[in-house]
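File shown: final-v3.txt (compact mmCIF, C-alpha atoms).
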```txt
# COMPACT_ATOMS: atom_id res chain seq x y z
CA MET Y 40 27.95 -81.98 -27.53
CA LEU Y 41 25.87 -83.81 -24.96
CA VAL Y 42 25.16 -81.66 -21.91
CA ILE Y 43 23.39 -82.90 -18.79
CA ILE Y 44 21.48 -80.14 -17.01
CA THR Y 45 20.36 -80.77 -13.44
CA TYR Y 46 18.63 -78.42 -11.06
CA ASP Y 47 17.43 -78.26 -7.49
CA VAL Y 48 14.94 -75.47 -6.86
CA ASN Y 49 13.76 -74.75 -3.33
CA THR Y 50 9.96 -75.09 -3.38
CA GLU Y 51 9.18 -74.19 0.24
CA ASP Y 52 7.20 -71.15 -0.91
CA ALA Y 53 5.01 -70.17 -3.87
CA ALA Y 54 7.85 -68.23 -5.51
CA GLY Y 55 10.03 -71.36 -5.49
CA LYS Y 56 7.30 -73.46 -7.08
CA LYS Y 57 6.95 -70.83 -9.80
CA ARG Y 58 10.74 -70.82 -10.39
CA LEU Y 59 10.72 -74.62 -10.62
CA ARG Y 60 8.05 -74.56 -13.33
CA LYS Y 61 9.92 -71.89 -15.28
CA VAL Y 62 13.25 -73.74 -15.09
CA ALA Y 63 11.64 -77.02 -16.18
CA LYS Y 64 9.81 -75.30 -19.05
CA GLN Y 65 13.05 -73.79 -20.35
CA CYS Y 66 14.93 -77.10 -20.08
CA VAL Y 67 12.23 -78.82 -22.16
CA ASN Y 68 13.02 -76.29 -24.92
CA TYR Y 69 16.62 -77.52 -25.09
CA GLY Y 70 16.56 -81.23 -24.40
CA GLN Y 71 14.90 -84.41 -23.25
CA ARG Y 72 13.82 -84.95 -19.64
CA VAL Y 73 15.38 -88.19 -18.37
CA GLN Y 74 14.48 -87.78 -14.69
CA ASN Y 75 12.46 -85.21 -12.75
CA SER Y 76 15.19 -82.56 -12.60
CA VAL Y 77 17.62 -83.99 -15.16
CA PHE Y 78 17.75 -83.19 -18.88
CA GLU Y 79 19.97 -84.53 -21.65
CA CYS Y 80 20.60 -81.82 -24.24
CA GLN Y 81 22.43 -81.87 -27.56
CA LEU Y 82 23.89 -78.34 -27.67
CA ASP Y 83 26.58 -76.40 -29.45
CA ALA Y 84 28.63 -73.81 -27.53
CA ALA Y 85 26.28 -70.93 -28.43
CA LYS Y 86 23.14 -72.80 -27.32
CA LEU Y 87 24.87 -73.84 -24.10
CA ARG Y 88 25.69 -70.21 -23.27
CA GLU Y 89 22.11 -69.26 -24.17
CA VAL Y 90 20.46 -71.80 -21.87
CA GLU Y 91 22.95 -71.09 -19.06
CA GLY Y 92 22.06 -67.39 -19.23
CA ILE Y 93 18.32 -68.03 -19.28
CA LEU Y 94 18.39 -70.47 -16.37
CA GLU Y 95 20.77 -68.34 -14.31
CA LYS Y 96 18.29 -65.45 -14.50
CA LEU Y 97 15.41 -67.69 -13.36
CA ILE Y 98 16.91 -69.19 -10.21
CA ASP Y 99 17.49 -67.70 -6.78
CA LYS Y 100 21.23 -68.26 -6.30
CA ASP Y 101 20.85 -68.23 -2.52
CA LYS Y 102 18.29 -71.07 -2.54
CA ASP Y 103 18.57 -72.97 -5.83
CA SER Y 104 21.24 -74.91 -7.71
CA LEU Y 105 22.05 -75.57 -11.37
CA ARG Y 106 24.62 -78.04 -12.71
CA PHE Y 107 25.84 -78.45 -16.28
CA TYR Y 108 27.81 -81.59 -17.16
CA MET Y 109 29.52 -81.30 -20.54
CA LEU Y 110 30.04 -84.85 -21.84
CA GLY Y 111 31.16 -83.80 -25.31
CA ASN Y 112 30.51 -85.49 -28.64
CA ALA Y 113 31.91 -88.93 -27.74
CA TYR Y 114 29.40 -89.46 -24.96
CA GLU Y 115 28.13 -92.93 -25.94
CA ASN Y 116 30.66 -94.71 -23.71
CA LYS Y 117 30.17 -92.22 -20.86
CA VAL Y 118 26.46 -92.86 -20.31
CA LYS Y 119 25.13 -96.11 -18.88
CA HIS Y 120 21.42 -96.61 -18.32
CA ILE Y 121 19.88 -99.22 -16.02
CA GLY Y 122 16.24 -99.41 -15.15
CA ALA Y 123 12.69 -98.86 -16.24
CA LYS Y 124 12.81 -95.93 -18.61
CA PRO Y 125 13.91 -96.94 -22.09
CA SER Y 126 17.10 -95.43 -23.42
CA PHE Y 127 16.95 -93.13 -26.45
CA ASP Y 128 19.27 -91.35 -28.83
CA VAL Y 129 19.41 -87.63 -27.98
CA THR Y 130 20.45 -86.84 -31.53
CA ASP Y 131 17.14 -88.15 -32.93
CA ALA Y 132 14.45 -85.63 -33.83
CA MET Y 133 12.32 -84.52 -30.89
CA ILE Y 134 8.55 -84.43 -31.33
CA VAL Y 135 7.02 -81.59 -29.39
```
As structure tokens - that is how I would like this structure written.
Amino acid sequence: MLVIITYDVNTEDAAGKKRLRKVAKQCVNYGQRVQNSVFECQLDAAKLREVEGILEKLIDKDKDSLRFYMLGNAYENKVKHIGAKPSFDVTDAMIV
């Protein structure tokens, strides 16, 4: 299923900047960055639970925020892209 992961990490101190880097690094392992703090990820239920657990441990729940939008498998009609960055198919192979 297509899952959109978004995050907002408070970077007012050095610890926040470190958390931001760690969260972004983990998200790259699971999907494609489409905006600074937004990732499109093709995940099954087990992978979704895995990434949720990893990210939840990295953030400070009093200062930071995570959002997971589960769009499912029939997401093509739910996503509309306008603007500069070219659209891509999240089911294609990712080159890392």
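Distance check against Y:Ile43 using only C-alpha atoms: of Y:Asn75, Y:Gln81, Y:Asn112, Y:Gln65, the minimum falls on Y:Gln81.
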Name the residues in contact with Y:Arg58 at a cut-off of 9 Å, using only C-alpha atoms, excluding same-chain residues fewer than 3 positions from it; report them as JSON, numbers by chain. {"Y": [48, 49, 50, 53, 54, 55, 61, 62, 63, 97, 98, 99]}
Could you tell me how far atom CA of Y:Gly122 lies from atom CA of Y:Leu87, in Å and to one decimal? 28.4 Å
If we count only C-alpha atoms, what is near Y:Asn116 at a cut-off of 12 Å, once residues fewer than 5 positions away on the same chain are taken out, given as a CSV table (one decimal) with C-alpha atoms, in the coordinates of the input?
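This is the output file out.csv:
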```csv
chain,number,residue,atom,x,y,z
Y,41,LEU,CA,25.9,-83.8,-25.0
Y,110,LEU,CA,30.0,-84.8,-21.8
Y,111,GLY,CA,31.2,-83.8,-25.3
```
Give the answer as one residue: which of Y:Lys64, Y:Asp101, Y:Glu95, Y:Tyr46 has the shortest atom-to-atom distance to Y:Ser76, using all atoms listed in the file?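 Checking each candidate against Y:Ser76, we get Y:Tyr46 as the closest.
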Atom CA of Y:Ile121 to atom CA of Y:Met40, straight-line distance in Å: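 Pair atom CA of Y:Met40 / atom CA of Y:Ile121 returns 22.2 Å.
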Please compute the atom CA of Y:Ala85-atom CA of Y:Lys56 distance, one decimal, in Å.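 Atom CA of Y:Lys56 lies 28.7 Å from atom CA of Y:Ala85.
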Choose the residue, out of Y:Val67, Y:Arg60, Y:Glu91, Y:Val118, that has the smallest atom-to-atom separation from Y:Leu105; count all atoms listed in the file.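 That would be Y:Glu91, the residue with the smallest distance to Y:Leu105.
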Which of these residues is nearest to Y:Leu59, using all atoms listed in the file: Y:Leu82, Y:Val42, Y:Met109, Y:Leu94?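 Distance minimum relative to Y:Leu59 lands on Y:Leu94.
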Give me the residues near Y:Gly70 as a ChimeraX atom specification, where near means some atom within 6 Å (using only C-alpha atoms) and where sequence neighbours in that chain fewer than 3 positions away do not count. /Y:67,78-80
